[in-house]
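Note sheet for the following structure.
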Amino acid sequence: MTKNYEELNANRLMPEAKKRVAVYCRVSTDREDQANSFENQQRYFRQYIEREPNWELVDVFADEGKTGTNTKKRKAFNRMIEAARRGELDLIITKEISRFARNTLDSIGYTRELKRRGIGVIFLNDNINTLDTDAELRLTIMSSIAQEESRKTSERVKWGQKRRMEQGVVFGRSLLGYDVRDGRMTVNEEGASIVRRIFDKFVNEKKGCFVIARELKEEGIDPMYCNEWSNTAILRILRNEKYCGDLVQKKTYTPDYLSHDRKYNRGQEEFVILRDHHTPIVSREMFETAAHILDSRAISPEGKAKHSNRFCFSGKIKCGKCGSSFVAKTRKRKDGSQYKCWRCYESARHGSRHIDAEGNETGCKQDSIRNEDALHIMFLVMQSLEMDTERVLRDLKRAIEDVITGDSECVEESSLRQRIDDTEKRKWRLIDLYMSSSITKDEFMVVREKCDREIADCKHMIESIILQGNAANQKDKMIKDAFAAVDEIAGGLVYDDVFYRGMLDRMVVHDRNHIDVYLILMSHKWSYALAHTTDSGVST
């Protein structure tokens, strides 16, 4: 009995364990006045804790210049929560709910989790301790008010930014050829010279994006604002309207003020479009020519994506085992030289036929074929064709003569070009009407599409006039060339990949000894076997 009494008295005399307290503070921006507030918050909290004898400061967790509407980017806040989960904290003190979070769900979610762990959060200015019985009700009300204030602030900021955009203020970073400072764009001549070279290579030298990127890389030209020269980087430059002096802003937007995630604007919000806003690096004519070339390569007249000019059999060679298309691959010979071959996509991606970890059958055990093998097979097919050469020549001659003698005087080229200019002016007046809210977005889209169609029709008619003019001037040469081309086709002498693509419907590879060829508009099938192959070609 005496011993138990002494132990009880000893426990009463032991000092109470101090509460481990953490402080969280945050300022919304990194302006100088807010930075001073940031230091003042930390100093105040340290002094506040020192006045409590049973409290012990563990750490001050501080986020500077971070938004309070979500917790994803608040590193200090997340470190504090992790410390609480590890059992290193007993209490968290912060100034007010809006400093802790302006998102109601975050406020309730985190304080509930902390409370389950026996950790309270004290909001000094709001006089709330989350361990109190009525704390969650009061916290919900105050958090909702803070969240609504964030929404209003976001709307005010977006409204102000749009007004400044309409006044010509540039929101964005510097880019190749332009320096952006204090909302103004100035030409950077070092970068501008590279931009001009890119447009010149693309428009005048007829080089593709891959080739241009490779040449710039080989010349050791600094990519400046991209990691490296690539076809994507070149394409972005050719599509950027800033290089002809125009400015289009609000290409991205923030649909949710809580998450702050940015998305591409695909008509959800109005664009801010300013024509001739700054000094252009390339002429408008060159920029529009580049855009026309890109559009013609991207979409065929039927509205389908065009095949790559680099690979004439793209999408034409099919696997007879799994049905997948063959894809182009580059391989090396023993002497170090390279050659192109075609391989089943399933085989290239998943390897030989097998059962994967989920129990699904995948892959394909299919042989690859060389590109020169495919070309040679097409050569043999064309040699085997039986055609009425005399009839083809007669029909072709009649068609050419009809084109040459056609009436090309019905519409003058100059009047068509004037119509294009007038329609372009209508388009820009249309943009002014839309920006001034004189017409709705739907009206704007309908009339703009009509103008685009009218311009495209005029350009097509101009091209036809030019072609007919050239044909009339070169009648004898065209007929002679046409006869020679038909002779080559009839004799199987053509060895041209573009011609083969136009003739080939599909080539089905069952294995190296069973390859079927189907031509467009012909029901007959040709079958070939690759008896043996060498580095130089194929024997069949």
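By convention in this document, the chains of the structure tokens carry letters A, B, ... by their order, each chain's residues are numbered from 1, and ligands are numbered from 1 in the order they are shown.
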List as an MDAnalysis selection string the protein and nucleic acid residues near stretch 202-207 of chain A, meaning an atom at most 9 Å away when only C-alpha atoms are counted, but skip any in the same chain fewer than 6 places from it. chainID A and resid 238 286:287 289:290 293
Stretch 503-513 of chain A: which residues within 7 Å, counting only C-alpha atoms, same-chain residues fewer than 3 positions away excluded, as a PyMOL selection string? chain A and resi 316-321+366-367+499-500+516-520+528-531
Could you tell me, as a ChimeraX atom specification, which residues of stretch 72-257 of chain A DSSP assigns to strand (DSSP E) when given the backbone? /A:91-94,120-123,128-129,178-181,184-187,247-249,252-253
Using only C-alpha atoms, which protein or nucleic acid residues come within 9 Å of A:Phe45? Drop anything in the same chain fewer than 6 positions from it, and give the result as a PyMOL selection string. chain A and resi 23+60+93-95
Those residues with C-alpha atoms, as an mmCIF file, in the first residue's frame please?
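selection.cif, written as the output of this step:
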```
data_model
loop_
_atom_site.group_PDB
_atom_site.id
_atom_site.type_symbol
_atom_site.label_atom_id
_atom_site.label_comp_id
_atom_site.auth_asym_id
_atom_site.auth_seq_id
_atom_site.Cartn_x
_atom_site.Cartn_y
_atom_site.Cartn_z
ATOM 1 C CA VAL A 23 2.899 26.649 -37.236
ATOM 2 C CA VAL A 60 7.314 26.645 -38.849
ATOM 3 C CA ILE A 93 -1.644 26.865 -35.332
ATOM 4 C CA THR A 94 -2.450 29.124 -38.278
ATOM 5 C CA LYS A 95 -3.676 32.674 -38.692
#
```
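The shell of residues at most 9 Å from A:Thr330, with only C-alpha atoms counted and near chain neighbours (fewer than 5 positions) removed, consists of Gln338, Tyr339, Lys340, Cys341 and Trp342 of chain A.
Atom CA of A:Cys458 is positioned 24.8 Å from atom CA of A:Asp442.
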As a ChimeraX atom specification, please: every residue in stretch 110-272 of chain A that DSSP puts in helix (DSSP H, G or I). /A:110-116,135-166,189-203,209-218,231-239,241-244
So that I have them on file, write out the residues from the current selection with C-alpha atoms, as an mmCIF file, in the first residue's frame.
```
data_model
loop_
_atom_site.group_PDB
_atom_site.id
_atom_site.type_symbol
_atom_site.label_atom_id
_atom_site.label_comp_id
_atom_site.auth_asym_id
_atom_site.auth_seq_id
_atom_site.Cartn_x
_atom_site.Cartn_y
_atom_site.Cartn_z
ATOM 1 C CA TYR A 110 -7.671 17.713 -43.567
ATOM 2 C CA THR A 111 -9.060 18.906 -40.238
ATOM 3 C CA ARG A 112 -11.170 15.723 -39.945
ATOM 4 C CA GLU A 113 -8.154 13.534 -40.637
ATOM 5 C CA LEU A 114 -6.041 15.432 -38.103
ATOM 6 C CA LYS A 115 -8.818 15.230 -35.497
ATOM 7 C CA ARG A 116 -8.997 11.446 -35.898
ATOM 8 C CA ALA A 135 -15.870 23.531 -34.632
ATOM 9 C CA GLU A 136 -16.795 21.707 -37.858
ATOM 10 C CA LEU A 137 -20.025 23.687 -38.367
ATOM 11 C CA ARG A 138 -18.257 26.998 -37.883
ATOM 12 C CA LEU A 139 -15.327 25.828 -40.030
ATOM 13 C CA THR A 140 -17.662 24.835 -42.880
ATOM 14 C CA ILE A 141 -19.339 28.250 -42.881
ATOM 15 C CA MET A 142 -16.060 30.162 -42.765
ATOM 16 C CA SER A 143 -14.438 27.924 -45.431
ATOM 17 C CA SER A 144 -17.392 28.442 -47.771
ATOM 18 C CA ILE A 145 -17.060 32.211 -47.367
ATOM 19 C CA ALA A 146 -13.314 32.000 -48.107
ATOM 20 C CA GLN A 147 -13.939 29.829 -51.178
ATOM 21 C CA GLU A 148 -16.541 32.254 -52.537
ATOM 22 C CA GLU A 149 -14.092 35.118 -52.060
ATOM 23 C CA SER A 150 -11.517 33.163 -54.086
ATOM 24 C CA ARG A 151 -14.050 32.707 -56.880
ATOM 25 C CA LYS A 152 -14.850 36.415 -56.987
ATOM 26 C CA THR A 153 -11.164 37.301 -56.953
ATOM 27 C CA SER A 154 -10.506 34.868 -59.831
ATOM 28 C CA GLU A 155 -13.315 36.421 -61.898
ATOM 29 C CA ARG A 156 -12.005 39.935 -61.254
ATOM 30 C CA VAL A 157 -8.475 38.935 -62.269
ATOM 31 C CA LYS A 158 -9.674 37.215 -65.468
ATOM 32 C CA TRP A 159 -11.819 40.226 -66.391
ATOM 33 C CA GLY A 160 -8.905 42.600 -65.855
ATOM 34 C CA GLN A 161 -6.513 40.423 -67.858
ATOM 35 C CA LYS A 162 -8.898 40.281 -70.806
ATOM 36 C CA ARG A 163 -9.317 44.059 -70.851
ATOM 37 C CA ARG A 164 -5.531 44.462 -70.864
ATOM 38 C CA MET A 165 -5.223 41.897 -73.663
ATOM 39 C CA GLU A 166 -7.712 43.885 -75.737
ATOM 40 C CA GLU A 189 17.341 39.830 -84.375
ATOM 41 C CA GLU A 190 19.407 36.753 -83.522
ATOM 42 C CA GLY A 191 16.307 34.601 -83.170
ATOM 43 C CA ALA A 192 14.460 36.434 -85.973
ATOM 44 C CA SER A 193 17.141 35.427 -88.509
ATOM 45 C CA ILE A 194 16.582 31.767 -87.576
ATOM 46 C CA VAL A 195 12.807 32.154 -87.988
ATOM 47 C CA ARG A 196 13.288 33.682 -91.467
ATOM 48 C CA ARG A 197 15.559 30.786 -92.444
ATOM 49 C CA ILE A 198 12.960 28.261 -91.320
ATOM 50 C CA PHE A 199 10.186 29.886 -93.373
ATOM 51 C CA ASP A 200 12.506 30.230 -96.384
ATOM 52 C CA LYS A 201 13.524 26.568 -96.215
ATOM 53 C CA PHE A 202 9.888 25.480 -95.914
ATOM 54 C CA VAL A 203 8.252 27.778 -98.480
ATOM 55 C CA CYS A 209 9.830 19.913 -90.949
ATOM 56 C CA PHE A 210 11.980 16.829 -90.318
ATOM 57 C CA VAL A 211 14.627 17.968 -92.802
ATOM 58 C CA ILE A 212 14.700 21.540 -91.487
ATOM 59 C CA ALA A 213 15.082 20.339 -87.892
ATOM 60 C CA ARG A 214 17.923 18.003 -88.891
ATOM 61 C CA GLU A 215 19.765 20.730 -90.816
ATOM 62 C CA LEU A 216 19.522 23.213 -87.942
ATOM 63 C CA LYS A 217 20.742 20.558 -85.541
ATOM 64 C CA GLU A 218 23.668 19.658 -87.823
ATOM 65 C CA ASN A 231 9.691 18.497 -86.455
ATOM 66 C CA THR A 232 7.205 19.548 -83.741
ATOM 67 C CA ALA A 233 9.281 22.624 -82.856
ATOM 68 C CA ILE A 234 9.470 23.635 -86.536
ATOM 69 C CA LEU A 235 5.731 23.083 -86.989
ATOM 70 C CA ARG A 236 4.923 25.327 -84.012
ATOM 71 C CA ILE A 237 7.028 28.121 -85.508
ATOM 72 C CA LEU A 238 5.355 27.811 -88.917
ATOM 73 C CA ARG A 239 1.908 27.906 -87.272
ATOM 74 C CA GLU A 241 0.711 33.880 -86.098
ATOM 75 C CA LYS A 242 2.975 36.171 -84.054
ATOM 76 C CA TYR A 243 5.647 35.930 -86.765
ATOM 77 C CA CYS A 244 3.450 37.813 -89.273
#
```
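Residues in contact with A:Val187 at up to 8 Å, not including ones fewer than 2 positions away on its chain and judged by only C-alpha atoms, are Gly177, Tyr178, Asp179, Met185, Glu189, Ala192, Thr279 and Ile281 of chain A.
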Mind dumping the selected residues with all heavy atoms as a JSON list (two decimals), in the first residue's frame?
```json
[["chain", "number", "residue", "atom", "x", "y", "z"],
["A", 177, "GLY", "N", 12.85, 34.78, -81.60],
["A", 177, "GLY", "CA", 12.66, 35.95, -82.45],
["A", 177, "GLY", "C", 12.04, 37.15, -81.76],
["A", 177, "GLY", "O", 12.10, 38.27, -82.27],
["A", 178, "TYR", "N", 11.43, 36.94, -80.59],
["A", 178, "TYR", "CA", 10.80, 38.05, -79.87],
["A", 178, "TYR", "C", 11.16, 38.00, -78.38],
["A", 178, "TYR", "O", 11.17, 36.92, -77.78],
["A", 178, "TYR", "CB", 9.27, 37.99, -79.99],
["A", 178, "TYR", "CG", 8.73, 38.37, -81.34],
["A", 178, "TYR", "CD1", 8.16, 37.42, -82.18],
["A", 178, "TYR", "CD2", 8.78, 39.70, -81.79],
["A", 178, "TYR", "CE1", 7.65, 37.77, -83.42],
["A", 178, "TYR", "CE2", 8.27, 40.05, -83.03],
["A", 178, "TYR", "CZ", 7.71, 39.09, -83.84],
["A", 178, "TYR", "OH", 7.21, 39.43, -85.07],
["A", 179, "ASP", "N", 11.42, 39.17, -77.83],
["A", 179, "ASP", "CA", 11.58, 39.32, -76.38],
["A", 179, "ASP", "C", 10.31, 39.96, -75.84],
["A", 179, "ASP", "O", 9.81, 40.95, -76.39],
["A", 179, "ASP", "CB", 12.78, 40.20, -76.04],
["A", 179, "ASP", "CG", 14.11, 39.55, -76.41],
["A", 179, "ASP", "OD1", 14.19, 38.32, -76.32],
["A", 179, "ASP", "OD2", 15.05, 40.27, -76.79],
["A", 185, "MET", "N", 6.21, 43.28, -77.07],
["A", 185, "MET", "CA", 7.04, 42.38, -77.87],
["A", 185, "MET", "C", 8.01, 43.19, -78.71],
["A", 185, "MET", "O", 7.61, 44.10, -79.43],
["A", 185, "MET", "CB", 6.17, 41.52, -78.80],
["A", 185, "MET", "CG", 5.28, 40.54, -78.07],
["A", 185, "MET", "SD", 4.28, 39.54, -79.20],
["A", 185, "MET", "CE", 5.56, 38.65, -80.08],
["A", 189, "GLU", "N", 16.85, 40.07, -83.02],
["A", 189, "GLU", "CA", 17.34, 39.83, -84.38],
["A", 189, "GLU", "C", 18.05, 38.49, -84.51],
["A", 189, "GLU", "O", 17.98, 37.85, -85.55],
["A", 189, "GLU", "CB", 18.28, 40.96, -84.80],
["A", 189, "GLU", "CG", 18.56, 40.98, -86.29],
["A", 189, "GLU", "CD", 17.29, 40.98, -87.14],
["A", 189, "GLU", "OE1", 16.35, 41.74, -86.82],
["A", 189, "GLU", "OE2", 17.23, 40.18, -88.09],
["A", 192, "ALA", "N", 15.26, 36.12, -84.79],
["A", 192, "ALA", "CA", 14.46, 36.43, -85.97],
["A", 192, "ALA", "C", 15.11, 35.89, -87.24],
["A", 192, "ALA", "O", 14.42, 35.42, -88.16],
["A", 192, "ALA", "CB", 14.27, 37.94, -86.08],
["A", 279, "THR", "N", 5.78, 44.34, -84.78],
["A", 279, "THR", "CA", 6.63, 44.24, -85.96],
["A", 279, "THR", "C", 6.73, 42.78, -86.40],
["A", 279, "THR", "O", 7.14, 41.92, -85.63],
["A", 279, "THR", "CB", 8.04, 44.77, -85.66],
["A", 279, "THR", "OG1", 7.93, 46.11, -85.18],
["A", 279, "THR", "CG2", 8.90, 44.73, -86.90],
["A", 281, "ILE", "N", 8.14, 39.40, -88.37],
["A", 281, "ILE", "CA", 9.45, 38.86, -88.76],
["A", 281, "ILE", "C", 9.41, 38.34, -90.20],
["A", 281, "ILE", "O", 10.38, 38.46, -90.94],
["A", 281, "ILE", "CB", 9.89, 37.75, -87.78],
["A", 281, "ILE", "CG1", 10.20, 38.37, -86.41],
["A", 281, "ILE", "CG2", 11.09, 36.99, -88.30],
["A", 281, "ILE", "CD1", 10.60, 37.37, -85.35]]
```
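The two atoms in question, atom CA of A:Lys427 and atom CA of A:Asp452, are spaced 8.6 Å apart.
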Long-range neighbours of stretch 362-365 of chain A as JSON, numbers by chain, 12 Å cut-off, only C-alpha atoms, 3 positions minimum in chain: {"A": [319, 320, 321, 322, 323, 324, 325, 326, 343, 344, 345, 346, 347, 348, 349, 350, 351, 352, 353, 354, 355, 356, 357, 358, 359, 368, 509, 510, 511, 512]}
Could those selected residues go to a file with C-alpha atoms, as a PDB file, in the first residue's frame?
```pdb
ATOM      1  CA  CYS A 319      -0.210  -8.879 -92.039  1.00  0.00           C
ATOM      2  CA  GLY A 320      -1.950 -12.064 -93.172  1.00  0.00           C
ATOM      3  CA  LYS A 321      -1.642 -13.580 -89.692  1.00  0.00           C
ATOM      4  CA  CYS A 322      -3.041 -10.898 -87.367  1.00  0.00           C
ATOM      5  CA  GLY A 323      -4.454  -8.278 -89.765  1.00  0.00           C
ATOM      6  CA  SER A 324      -2.280  -5.402 -88.525  1.00  0.00           C
ATOM      7  CA  SER A 325      -0.586  -2.934 -90.852  1.00  0.00           C
ATOM      8  CA  PHE A 326       3.143  -3.087 -91.427  1.00  0.00           C
ATOM      9  CA  ARG A 343       7.450  -5.094 -90.066  1.00  0.00           C
ATOM     10  CA  CYS A 344       4.088  -6.124 -88.591  1.00  0.00           C
ATOM     11  CA  TYR A 345       3.012  -3.543 -85.999  1.00  0.00           C
ATOM     12  CA  GLU A 346       1.925  -6.196 -83.466  1.00  0.00           C
ATOM     13  CA  SER A 347       5.244  -7.992 -83.848  1.00  0.00           C
ATOM     14  CA  ALA A 348       7.219  -4.747 -83.541  1.00  0.00           C
ATOM     15  CA  ARG A 349       5.315  -3.652 -80.458  1.00  0.00           C
ATOM     16  CA  HIS A 350       4.776  -6.894 -78.538  1.00  0.00           C
ATOM     17  CA  GLY A 351       7.216  -9.387 -80.081  1.00  0.00           C
ATOM     18  CA  SER A 352       6.350 -12.958 -81.083  1.00  0.00           C
ATOM     19  CA  ARG A 353       2.923 -14.424 -80.356  1.00  0.00           C
ATOM     20  CA  HIS A 354       2.598 -15.107 -76.599  1.00  0.00           C
ATOM     21  CA  ILE A 355       0.294 -14.899 -73.586  1.00  0.00           C
ATOM     22  CA  ASP A 356       0.818 -11.730 -71.526  1.00  0.00           C
ATOM     23  CA  ALA A 357       0.615 -11.326 -67.733  1.00  0.00           C
ATOM     24  CA  GLU A 358      -3.149 -10.696 -67.906  1.00  0.00           C
ATOM     25  CA  GLY A 359      -3.777 -13.909 -69.833  1.00  0.00           C
ATOM     26  CA  SER A 368       9.678  -8.542 -92.091  1.00  0.00           C
ATOM     27  CA  VAL A 509       2.059 -10.860 -96.293  1.00  0.00           C
ATOM     28  CA  HIS A 510       1.162 -14.330 -95.005  1.00  0.00           C
ATOM     29  CA  ASP A 511       4.833 -15.336 -94.775  1.00  0.00           C
ATOM     30  CA  ARG A 512       7.925 -14.927 -96.943  1.00  0.00           C
TER      31      ARG A 512
END
```
